[in-house]
Amino acid sequence: MTIQFDLGPAADEVARVASGVRDEHLDLPTPCAEWSVSDLLRHFVELTNAFVASARKEPFPSDGSGRPEELPADWRSRLPRQLDEMAAAWRSPDAWEGEAAAGGVTLPAPVMAAVAVDELVLHGWDLARATGQSFEADAASIAASLGFAMSVPVEEAGRDGLYGRVVPVPDTASELDRLLGYTGRDPQWASAAVSGLDRSR
């Protein structure tokens with residue numbers, strides 16, 4: 001099996017966005033319903049652990065360390081390291097062989113890799129929008145994410161726990177905006193709370 005795409009660019013972009021998160025951002029809302037910035041960062045800590053184990057065909061940590069209930073105090077140093085480990089793990093050709101498991105689901109390894117990059121792109125965008133930052137996704141990451149996303153049914157019953165209701169976007173929308181809309185995100189979403197914080201600085 002050959003490596004179909006590199007998770008590195010998306011992982012690097014998430015790390016860049018995370019480095020711009022200030023303490024006063026942590027309680028702000030995000031495009032993910034009912035998730036704060038802190039919740040989203042905690043999710044990144046968990047998913048990076050999960051997809052490293054998935055690529056290595058190892059069991060997810062059973063001691064609970066991979067699923068923090070709260071955002072770890074050392075997240076600023078831990079998350080960039082885990083993002084690098086995640087990208088490196090999926091650069092091994094062995095990672096793309098056979099099946100891979102994450103989140104209680106087992107899929108063909110290339111499909112799981114697409115799920116991994118989808119998580120990075122979508123939640124990276126969520127984090128950037130919630131904290132008033134830009135987000136740039138490379139074409140290969142968007143294509144892999146969109147390929148996986150389009151395999152999910154449009155009907156709401158088939159999206160439960162994965163994506164929200166499809167948000168229509170113009171025919172002229174970018175590939176990233178197409179991905180966002182199909183996964184239930186409004187590409188125009190902006191946080192009024194972070195705007196208020198920025199004006200008060």
# chains A, B, ... in the order shown; residues from 1 in each chain; ligands from 1

call {"tool": "residues_around", "arguments": {"residues": "Ala130 in chain A", "least_positions_apart": "3", "cutoff": "7 Å", "atoms": "only C-alpha atoms", "output": "list in words"}}
result
Leu28, Pro29, Thr30, Pro31, Val37, Asp126, Leu127, Ala190 and Ser191 of chain A

call {"tool": "atom_distance", "arguments": {"atom1": "CA of Leu79 in chain A", "atom2": "CA of Glu97 in chain A"}}
result
26.5 Å

call {"tool": "closest_residue", "arguments": {"among": "A:Val167, A:Val194, A:Ala50, A:Ala15", "to": "Thr131 in chain A", "atoms": "only C-alpha atoms"}}
result
A:Val194

call {"tool": "residues_around", "arguments": {"residues": "range 25-27 of chain A", "least_positions_apart": "6", "cutoff": "10 Å", "atoms": "only C-alpha atoms", "output": "MDAnalysis selection string"}}
result
chainID A and resid 35:41 71 130:132 193:194 197

call {"tool": "closest_residue", "arguments": {"among": "A:Ala192, A:Ala149, A:Val21, A:Ala101", "to": "Pro59 in chain A", "atoms": "only C-alpha atoms"}}
result
A:Ala101

call {"tool": "atom_distance", "arguments": {"atom1": "CA of Glu175 in chain A", "atom2": "CA of Val17 in chain A"}}
result
20.3 Å

call {"tool": "residues_around", "arguments": {"residues": "range 137-143 of chain A", "least_positions_apart": "2", "cutoff": "8 Å", "atoms": "only C-alpha atoms", "output": "ChimeraX atom specification"}}
result
/A:5-7,9-10,13,117-118,121,135,145-147,175-176,179

call {"tool": "write_last_selection", "arguments": {"atoms": "C-alpha atoms", "output": "mmCIF file, in the first residue's frame"}}
result
data_model
loop_
_atom_site.group_PDB
_atom_site.id
_atom_site.type_symbol
_atom_site.label_atom_id
_atom_site.label_comp_id
_atom_site.auth_asym_id
_atom_site.auth_seq_id
_atom_site.Cartn_x
_atom_site.Cartn_y
_atom_site.Cartn_z
ATOM 1 C CA PHE A 5 -1.602 11.825 1.201
ATOM 2 C CA ASP A 6 0.391 13.451 3.989
ATOM 3 C CA LEU A 7 -1.369 14.576 7.177
ATOM 4 C CA PRO A 9 0.203 20.115 6.293
ATOM 5 C CA ALA A 10 -3.158 19.884 8.078
ATOM 6 C CA GLU A 13 -1.986 24.312 10.357
ATOM 7 C CA VAL A 117 -7.403 14.408 8.031
ATOM 8 C CA ASP A 118 -11.111 15.309 7.987
ATOM 9 C CA VAL A 121 -9.345 20.197 8.640
ATOM 10 C CA PHE A 135 -7.308 28.936 8.381
ATOM 11 C CA SER A 145 -11.696 15.162 3.547
ATOM 12 C CA LEU A 146 -14.304 15.888 0.896
ATOM 13 C CA GLY A 147 -13.989 12.370 -0.478
ATOM 14 C CA GLU A 175 -13.594 23.363 -2.218
ATOM 15 C CA LEU A 176 -13.072 24.164 1.469
ATOM 16 C CA LEU A 179 -16.592 20.677 2.532
#

call {"tool": "closest_residue", "arguments": {"among": "A:Ala157, A:Ala144, A:Leu122, A:Met112", "to": "Cys32 in chain A", "atoms": "only C-alpha atoms"}}
result
A:Leu122

call {"tool": "select_by_dssp", "arguments": {"residues": "chain A", "states": "helix (DSSP H, G or I)", "output": "ChimeraX atom specification"}}
result
/A:8-19,23-25,37-55,75-89,93-96,109-130,139-149,156-158,175-182,192-200

call {"tool": "select_by_dssp", "arguments": {"residues": "range 75-192 of chain A", "states": "strand (DSSP E)", "output": "PyMOL selection string"}}
result
chain A and resi 99-102+105-108

call {"tool": "residues_around", "arguments": {"residues": "Ser54 in chain A", "least_positions_apart": "4", "cutoff": "10 Å", "atoms": "only C-alpha atoms", "output": "list in words"}}
result
Thr48, Asn49, Ala50, Glu58, Pro59, Phe60, Met86, Ala89, Trp90, Ala95, Glu99, Ala100, Ala101, Ala102, Gly103, Thr106, Ala109, Met112, Ala113 and Ala116 of chain A

call {"tool": "write_last_selection", "arguments": {"atoms": "C-alpha atoms", "output": "PDB file, in the first residue's frame"}}
result
ATOM      1  CA  THR A  48      -4.313  12.872  18.071  1.00  0.00           C
ATOM      2  CA  ASN A  49      -3.667  10.077  20.594  1.00  0.00           C
ATOM      3  CA  ALA A  50      -6.347   7.931  18.964  1.00  0.00           C
ATOM      4  CA  GLU A  58      -1.949  -0.407  18.619  1.00  0.00           C
ATOM      5  CA  PRO A  59      -4.709  -0.420  21.234  1.00  0.00           C
ATOM      6  CA  PHE A  60      -5.842   3.018  22.337  1.00  0.00           C
ATOM      7  CA  MET A  86       0.057  11.774  14.326  1.00  0.00           C
ATOM      8  CA  ALA A  89       2.642   7.779  12.236  1.00  0.00           C
ATOM      9  CA  TRP A  90       0.636   8.011   9.005  1.00  0.00           C
ATOM     10  CA  ALA A  95      -0.229   2.425   8.527  1.00  0.00           C
ATOM     11  CA  GLU A  99      -7.694  -2.127   8.660  1.00  0.00           C
ATOM     12  CA  ALA A 100      -7.368   0.519  11.354  1.00  0.00           C
ATOM     13  CA  ALA A 101      -9.516   1.281  14.397  1.00  0.00           C
ATOM     14  CA  ALA A 102     -10.373   4.528  16.158  1.00  0.00           C
ATOM     15  CA  GLY A 103     -13.312   5.679  18.246  1.00  0.00           C
ATOM     16  CA  THR A 106     -12.824  -0.271  12.341  1.00  0.00           C
ATOM     17  CA  ALA A 109      -6.795   1.939   6.785  1.00  0.00           C
ATOM     18  CA  MET A 112      -9.386   5.869   8.468  1.00  0.00           C
ATOM     19  CA  ALA A 113      -6.603   8.148   7.244  1.00  0.00           C
ATOM     20  CA  ALA A 116      -8.116  11.596  10.467  1.00  0.00           C
TER      21      ALA A 116
END

call {"tool": "closest_residue", "arguments": {"among": "A:Asp94, A:Val154, A:Trp125, A:Ala73", "to": "Asp177 in chain A", "atoms": "only C-alpha atoms"}}
result
A:Trp125

call {"tool": "atom_distance", "arguments": {"atom1": "CA of Leu47 in chain A", "atom2": "CA of Arg159 in chain A"}}
result
19.3 Å
